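Peer 1: Here it is, the structure, as structure tokens.
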Number of protein chains: 2
Amino acid sequence: MNTISVLLVDDHTVVRSGLKALLGTQGDIAVVGEASSGEEALEAAHEHTPAVVLMDLAMGAGMDGIEAIKLLRQWNPKQAVIVFTTYDSDADIVRAVDAGAMGYLLKDAAPEEIFAAVRGAVQGKSVMSAPVASRLFQQLRNPDEILTPREAELLSLLTEGLSNRDLGKRLFISEATVKTHLAHIYAKLGVETRAAAIATAIRREGMR
Amino acid sequence: MNTISVLLVDDHTVVRSGLKALLGTQGDIAVVGEASSGEEALEAAHEHTPAVVLMDLAMGAGMDGIEAIKLLRQWNPKQAVIVFTTYDSDADIVRAVDAGAMGYLLKDAAPEEIFAAVRGAVQGKSVMSAPVASRLFQQLRNPDEILTPREAELLSLLTEGLSNRDLGKRLFISEATVKTHLAHIYAKLGVETRAAAIATAIRREGMR
DNA sequence: TGGTCTCTCCACCTTTTGGCTGATACCGGT
DNA sequence: ACCGGTATCAGCCAAAAGGTGGAGAGACCA
């Protein structure tokens, strides 16, 4: 059996060390690089061409995880990427899957689950933590309530307290478009105001 | 120099592994136990009597970190406890310090910072990550930013997504009064819109 | 090819919110 | 008795948000 090369991307030193220590116990898995930001991840991926990238979505500064996934997959469409993050936010799950993530693990996953995800990823299998799977499942059962990737993106920014104008600037779209998206989001979430949307989003998604 | 015994408490396996790997590189620090919940932490502390307890505040199920700190310190008032967590929430910082934490580190802290905190803790020194320190400092310097009971009540309802009219009805006050309170709340929170106030409130206070 | 989804944009209009100024009343401490 | 903080209310005005209806471009799929 071939050794599976893995690139770790996380801005927390301890998390990288932990993953390295855990993965190091497996003979068939080798950590070939580490990165603490999206930018570094791209560089490291070009340099080491890892079979699997294990990536945290929440990176302190600079490019966020989703963007990094998109660029990684753009550069190498076969690149297997597993999201390894703390929260099972609906918006993040949708965006990550959309960006091309092969798996979605929570940081409290058992070591075996992580190993299985890495091994599965190289074979093209998707592995996700149980809470994540159940959320996705729920969403598939209620297609009306699924936010489109763009809507999810908007909602996520909404929870930061931005105005319509700011949302437009941030996403490079007009205020009119922002209002259109918001109207759709309100309808899907079953609320009438942005305040309620924010409250719902944060409570329902574990965003912060 | 004596070896410093450390107990790790975190529900994330990878974080424990990472800390263990990092601390293991230091000759004067030895991890003597691990726990993944508040309950386990108490047991382990009784068994191993560690010099320092490194504790995550957010534990999936059961007793939370704050409660665990209180009980640890109740059992052994000299027990040094360092909080090691992901978020610098105002509410958590205050509660942790109040419960008797000696230090407060964020998970993205540099390894050196962690070592320094552990060594400092056994000497009775408090060490905290820079963002944490600055938040505490701000709170101490600005007692103006404390919300009055009525304002806090309003803010709490605000995070449920109510309109000014609804807030008035719920609190049996006029809409004018609601607006007055809101203006004061915005000023104290340093925001301009209700959306930002909701976002700040939920993130600051760990409301969900 | 036609239908559906998504993302984008526009105009018009109503409602809500926020900024500003000012006012009354109660309570507690100096 | 005075002052500071809190809670209550009012009116005015500008800005922001929300509702309605419509529309074009590109992707994807049957």
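Within each chain, counting starts at residue 1; across the structure tokens, chains are named A, B, ... in the order shown, with ligands numbered 1 upward in that order.
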Given a cut-off of 12 Å, which residues of chain B touch chain D, counting only C-alpha atoms (C1' of nucleotides), written out as a PyMOL selection string?
Peer 2: chain B and resi 144+147-151+168+172-181+184+192-195
Peer 1: Can you write just those residues out, N, CA, C and O atoms, as a CSV table (one decimal), in the first residue's frame?
Peer 2:
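Final file, selection-v8.csv:
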chain,number,residue,atom,x,y,z
B,144,ASP,N,-18.1,52.6,32.1
B,144,ASP,CA,-19.3,53.2,31.4
B,144,ASP,C,-19.9,52.2,30.5
B,144,ASP,O,-21.1,52.4,30.1
B,147,LEU,N,-23.9,47.8,30.9
B,147,LEU,CA,-25.3,48.0,30.6
B,147,LEU,C,-26.1,48.0,31.9
B,147,LEU,O,-25.8,47.3,32.8
B,148,THR,N,-27.1,48.9,32.0
B,148,THR,CA,-28.0,48.9,33.2
B,148,THR,C,-28.9,47.6,33.1
B,148,THR,O,-29.0,47.1,32.0
B,149,PRO,N,-29.5,47.2,34.2
B,149,PRO,CA,-30.3,46.0,34.1
B,149,PRO,C,-31.4,46.1,33.0
B,149,PRO,O,-31.7,45.2,32.3
B,150,ARG,N,-32.0,47.3,32.9
B,150,ARG,CA,-33.1,47.4,31.9
B,150,ARG,C,-32.5,47.3,30.5
B,150,ARG,O,-33.1,46.7,29.7
B,151,GLU,N,-31.4,47.9,30.3
B,151,GLU,CA,-30.7,47.8,29.0
B,151,GLU,C,-30.4,46.4,28.7
B,151,GLU,O,-30.6,45.9,27.5
B,168,GLY,N,-41.5,47.2,22.8
B,168,GLY,CA,-42.3,48.0,23.7
B,168,GLY,C,-43.4,47.2,24.3
B,168,GLY,O,-43.7,47.3,25.5
B,172,PHE,N,-43.9,46.6,28.1
B,172,PHE,CA,-44.9,47.6,28.6
B,172,PHE,C,-44.3,49.0,28.7
B,172,PHE,O,-44.5,49.7,29.7
B,173,ILE,N,-43.6,49.4,27.7
B,173,ILE,CA,-43.1,50.7,27.6
B,173,ILE,C,-43.3,51.2,26.2
B,173,ILE,O,-43.6,50.4,25.3
B,174,SER,N,-43.3,52.5,26.0
B,174,SER,CA,-43.5,53.1,24.6
B,174,SER,C,-42.4,52.8,23.7
B,174,SER,O,-41.3,52.5,24.1
B,175,GLU,N,-42.7,52.9,22.4
B,175,GLU,CA,-41.6,52.7,21.4
B,175,GLU,C,-40.6,53.8,21.6
B,175,GLU,O,-39.4,53.5,21.3
B,176,ALA,N,-40.9,55.0,22.0
B,176,ALA,CA,-40.0,56.1,22.2
B,176,ALA,C,-38.9,55.6,23.2
B,176,ALA,O,-37.7,55.8,23.1
B,177,THR,N,-39.4,55.0,24.3
B,177,THR,CA,-38.5,54.6,25.4
B,177,THR,C,-37.6,53.5,24.8
B,177,THR,O,-36.4,53.4,25.2
B,178,VAL,N,-38.2,52.6,24.0
B,178,VAL,CA,-37.3,51.6,23.5
B,178,VAL,C,-36.2,52.2,22.7
B,178,VAL,O,-35.0,51.8,22.8
B,179,LYS,N,-36.5,53.2,21.9
B,179,LYS,CA,-35.5,53.8,21.1
B,179,LYS,C,-34.4,54.5,21.9
B,179,LYS,O,-33.2,54.5,21.6
B,180,THR,N,-34.8,55.1,23.0
B,180,THR,CA,-33.9,55.7,23.9
B,180,THR,C,-32.9,54.7,24.5
B,180,THR,O,-31.7,54.8,24.4
B,181,HIS,N,-33.5,53.6,25.0
B,181,HIS,CA,-32.6,52.5,25.5
B,181,HIS,C,-31.7,52.0,24.4
B,181,HIS,O,-30.5,51.8,24.7
B,184,HIS,N,-28.7,54.2,23.9
B,184,HIS,CA,-27.7,54.0,24.9
B,184,HIS,C,-26.9,52.7,24.8
B,184,HIS,O,-25.7,52.7,25.0
B,192,GLU,N,-23.5,50.9,15.6
B,192,GLU,CA,-24.4,51.9,15.1
B,192,GLU,C,-25.8,51.3,14.7
B,192,GLU,O,-26.7,52.0,14.6
B,193,THR,N,-25.8,50.0,14.5
B,193,THR,CA,-27.1,49.4,14.1
B,193,THR,C,-27.5,48.3,15.0
B,193,THR,O,-26.6,47.7,15.7
B,194,ARG,N,-28.8,48.0,15.0
B,194,ARG,CA,-29.2,46.9,15.8
B,194,ARG,C,-28.6,45.6,15.4
B,194,ARG,O,-28.4,44.7,16.2
B,195,ALA,N,-28.4,45.4,14.1
B,195,ALA,CA,-27.8,44.2,13.6
B,195,ALA,C,-26.4,43.9,14.2
B,195,ALA,O,-26.2,42.9,14.7
Peer 1: Please report as a PyMOL selection string which residues of chain A come no farther than 6 Å from chain B, using only C-alpha atoms.
Peer 2: chain A and resi 12+14-15+17-19+108+159-161+195-196+199+203+208
Peer 1: If you keep C-alpha atoms, can you produce a file of those selected residues as a compact mmCIF listing (two decimals), in the first residue's frame?
Peer 2:
# COMPACT_ATOMS: atom_id res chain seq x y z
CA HIS A 12 -3.52 26.83 15.68
CA VAL A 14 -1.45 22.90 18.88
CA VAL A 15 -4.00 21.53 16.46
CA SER A 17 0.89 19.24 16.40
CA GLY A 18 -1.99 17.10 17.55
CA LEU A 19 -2.92 15.98 14.08
CA ASP A 108 -13.89 16.48 18.40
CA THR A 159 -24.25 37.96 11.28
CA GLU A 160 -21.35 40.33 11.52
CA GLY A 161 -23.72 43.23 11.61
CA ALA A 195 -32.55 41.06 13.18
CA ALA A 196 -34.52 37.83 13.32
CA ALA A 199 -30.69 35.62 15.62
CA ARG A 203 -28.54 30.13 17.17
CA ARG A 208 -19.76 33.27 16.09
Peer 1: For chain A, work out the contacting residues on chain C at 12 Å, counting only C-alpha atoms (C1' of nucleotides), and write them as a VMD selection string.
Peer 2: chain C and resid 5 to 11 15 to 17
Peer 1: Can I get the selection written as a PDB file, in the first residue's frame, with C-alpha atoms (C1' of nucleotides)?
Peer 2:
ATOM      1  C1'  DC C   5     -32.089  27.603 -10.829  1.00  0.00           C
ATOM      2  C1'  DT C   6     -29.010  31.057  -9.588  1.00  0.00           C
ATOM      3  C1'  DC C   7     -27.129  35.454  -9.643  1.00  0.00           C
ATOM      4  C1'  DT C   8     -27.402  39.827 -11.005  1.00  0.00           C
ATOM      5  C1'  DC C   9     -29.794  44.488 -11.379  1.00  0.00           C
ATOM      6  C1'  DC C  10     -33.634  48.242 -11.442  1.00  0.00           C
ATOM      7  C1'  DA C  11     -37.679  51.327  -9.872  1.00  0.00           C
ATOM      8  C1'  DT C  15     -42.254  50.957   7.145  1.00  0.00           C
ATOM      9  C1'  DT C  16     -38.632  50.879  10.402  1.00  0.00           C
ATOM     10  C1'  DT C  17     -34.768  52.513  12.419  1.00  0.00           C
TER      11       DT C  17
END
Peer 1: From the DSSP assignment of the backbone, select every residue of segment 32-187 of chain B that is strand (DSSP E), and format the answer as a list of chain:residue names.
Peer 2: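 Selection result, strand (DSSP E) within segment 32-187 of chain B: B:Val32, B:Gly33, B:Glu34, B:Ala35, B:Val52, B:Val53, B:Leu54, B:Met55, B:Ala80, B:Val81, B:Ile82, B:Val83, B:Phe84, B:Thr85, B:Gly103, B:Tyr104, B:Leu105, B:Leu106, B:Val127, B:Met128.
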Peer 1: Give me a file of those residues, with C-alpha atoms, as a short mmCIF file (atom, residue, chain, number, x, y, z; two decimals), in the first residue's frame.
Peer 2:
data_model
loop_
_atom_site.label_atom_id
_atom_site.label_comp_id
_atom_site.auth_asym_id
_atom_site.auth_seq_id
_atom_site.Cartn_x
_atom_site.Cartn_y
_atom_site.Cartn_z
CA VAL B 32 0.75 13.53 33.93
CA GLY B 33 -2.84 13.13 32.85
CA GLU B 34 -5.58 13.95 30.38
CA ALA B 35 -9.30 14.48 30.69
CA VAL B 52 -0.94 23.05 36.65
CA VAL B 53 -4.24 22.28 34.95
CA LEU B 54 -4.60 23.41 31.32
CA MET B 55 -8.31 23.58 30.65
CA ALA B 80 -3.07 26.57 39.37
CA VAL B 81 -5.48 26.52 36.43
CA ILE B 82 -4.81 28.00 33.01
CA VAL B 83 -7.68 28.46 30.60
CA PHE B 84 -6.79 27.40 27.09
CA THR B 85 -9.62 28.08 24.73
CA GLY B 103 -4.07 32.49 33.07
CA TYR B 104 -6.07 32.70 29.88
CA LEU B 105 -4.52 31.57 26.63
CA LEU B 106 -6.05 31.41 23.17
CA VAL B 127 -0.20 35.05 31.97
CA MET B 128 -2.73 35.83 29.30
#
Peer 1: Grab the atom CA of Ile185 of chain B to atom C1' of DG18 of chain C distance for me, in Å with one decimal place.
Peer 2: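 A separation of 12.3 Å between them.
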Peer 1: Would you work out the distance separating atom CA of Gly120 of chain A from atom CA of Asn76 of chain A, expressed in Å to one decimal?
Peer 2: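 Atom-to-atom, atom CA of Gly120 of chain A to atom CA of Asn76 of chain A, that is 18.4 Å.
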Peer 1: From a DSSP calculation on the backbone, collect every residue of segment 12-199 of chain B in alpha helix (DSSP H) and output the set as a PyMOL selection string.
Peer 2: chain B and resi 13-24+38-48+65-75+90-99+111-122+130-141+149-158+164-171+175-189+194-199
Peer 1: Selection from above, C-alpha atoms, as a CSV table (one decimal), in the first residue's frame, can you write it?
Peer 2:
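The result, stored in again16.csv:
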chain,number,residue,atom,x,y,z
B,13,THR,CA,-8.4,14.6,21.1
B,14,VAL,CA,-6.2,16.4,18.6
B,15,VAL,CA,-5.8,19.4,20.9
B,16,ARG,CA,-4.7,17.1,23.8
B,17,SER,CA,-2.2,15.4,21.5
B,18,GLY,CA,-0.9,18.7,20.3
B,19,LEU,CA,-0.4,20.1,23.7
B,20,LYS,CA,1.2,16.8,24.8
B,21,ALA,CA,3.6,16.9,21.9
B,22,LEU,CA,4.5,20.5,22.4
B,23,LEU,CA,4.9,20.3,26.2
B,24,GLY,CA,6.9,17.1,25.7
B,38,GLY,CA,-15.1,18.5,33.7
B,39,GLU,CA,-15.9,15.4,35.7
B,40,GLU,CA,-12.9,13.5,34.4
B,41,ALA,CA,-10.8,16.6,35.2
B,42,LEU,CA,-11.7,16.5,38.9
B,43,GLU,CA,-11.0,12.8,39.1
B,44,ALA,CA,-7.7,13.1,37.4
B,45,ALA,CA,-6.7,16.1,39.5
B,46,HIS,CA,-7.4,14.0,42.7
B,47,GLU,CA,-5.4,11.2,41.3
B,48,HIS,CA,-2.3,13.0,39.9
B,65,GLY,CA,-15.0,24.5,32.2
B,66,ILE,CA,-15.9,27.3,34.6
B,67,GLU,CA,-17.7,25.0,36.9
B,68,ALA,CA,-14.7,22.6,36.8
B,69,ILE,CA,-12.3,25.4,37.7
B,70,LYS,CA,-14.5,26.4,40.7
B,71,LEU,CA,-14.6,22.8,42.0
B,72,LEU,CA,-10.9,22.3,41.4
B,73,ARG,CA,-10.1,25.4,43.4
B,74,GLN,CA,-12.6,24.5,46.1
B,75,TRP,CA,-10.9,21.2,46.6
B,90,ASP,CA,-15.7,38.9,27.5
B,91,ALA,CA,-18.2,37.0,29.5
B,92,ASP,CA,-15.9,33.9,29.6
B,93,ILE,CA,-12.9,35.9,30.6
B,94,VAL,CA,-14.6,37.5,33.5
B,95,ARG,CA,-16.2,34.3,34.7
B,96,ALA,CA,-12.9,32.4,34.3
B,97,VAL,CA,-10.9,34.9,36.3
B,98,ASP,CA,-13.7,35.0,38.8
B,99,ALA,CA,-13.6,31.2,39.2
B,111,PRO,CA,4.3,27.6,21.9
B,112,GLU,CA,6.6,29.8,23.8
B,113,GLU,CA,3.6,31.7,25.2
B,114,ILE,CA,2.2,28.4,26.4
B,115,PHE,CA,5.4,27.3,28.1
B,116,ALA,CA,5.8,30.7,29.8
B,117,ALA,CA,2.2,30.5,31.1
B,118,VAL,CA,2.8,27.0,32.6
B,119,ARG,CA,6.0,28.1,34.2
B,120,GLY,CA,4.5,31.3,35.4
B,121,ALA,CA,1.5,29.6,36.9
B,122,VAL,CA,3.5,27.5,39.3
B,130,ALA,CA,-2.5,39.7,24.3
B,131,PRO,CA,-6.1,40.0,23.0
B,132,VAL,CA,-7.4,38.7,26.3
B,133,ALA,CA,-5.4,41.1,28.3
B,134,SER,CA,-6.5,44.0,26.2
B,135,ARG,CA,-10.2,43.1,26.6
B,136,LEU,CA,-9.9,42.8,30.4
B,137,PHE,CA,-8.0,46.1,30.5
B,138,GLN,CA,-10.7,47.8,28.5
B,139,GLN,CA,-13.4,46.5,30.8
B,140,LEU,CA,-11.6,47.7,33.9
B,141,ARG,CA,-10.9,51.1,32.3
B,149,PRO,CA,-30.3,46.0,34.1
B,150,ARG,CA,-33.1,47.4,31.9
B,151,GLU,CA,-30.7,47.8,29.0
B,152,ALA,CA,-29.5,44.3,29.4
B,153,GLU,CA,-33.1,43.1,29.5
B,154,LEU,CA,-33.8,44.9,26.2
B,155,LEU,CA,-30.6,43.7,24.6
B,156,SER,CA,-31.5,40.1,25.5
B,157,LEU,CA,-34.9,40.5,23.8
B,158,LEU,CA,-33.2,42.3,20.9
B,164,ASN,CA,-39.0,48.3,18.4
B,165,ARG,CA,-42.8,48.0,18.5
B,166,ASP,CA,-42.7,44.4,19.8
B,167,LEU,CA,-40.0,45.3,22.3
B,168,GLY,CA,-42.3,48.0,23.7
B,169,LYS,CA,-45.2,45.7,23.9
B,170,ARG,CA,-43.2,43.0,25.6
B,171,LEU,CA,-41.8,45.4,28.2
B,175,GLU,CA,-41.6,52.7,21.4
B,176,ALA,CA,-40.0,56.1,22.2
B,177,THR,CA,-38.5,54.6,25.4
B,178,VAL,CA,-37.3,51.6,23.5
B,179,LYS,CA,-35.5,53.8,21.1
B,180,THR,CA,-33.9,55.7,23.9
B,181,HIS,CA,-32.6,52.5,25.5
B,182,LEU,CA,-31.4,51.2,22.2
B,183,ALA,CA,-29.4,54.4,21.6
B,184,HIS,CA,-27.7,54.0,24.9
B,185,ILE,CA,-27.0,50.3,24.3
B,186,TYR,CA,-25.5,51.1,20.9
B,187,ALA,CA,-23.3,53.8,22.4
B,188,LYS,CA,-22.1,51.4,25.1
B,189,LEU,CA,-21.4,48.6,22.7
B,194,ARG,CA,-29.2,46.9,15.8
B,195,ALA,CA,-27.8,44.2,13.6
B,196,ALA,CA,-24.3,44.9,14.9
B,197,ALA,CA,-25.6,45.1,18.4
B,198,ILE,CA,-27.2,41.6,18.1
B,199,ALA,CA,-24.1,40.2,16.6
Peer 1: Please indicate the distance in Å from atom CA of Leu8 of chain A to atom CA of Gly27 of chain B, rounded to one decimal place.
Peer 2: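 These two atoms are separated by 26.7 Å.
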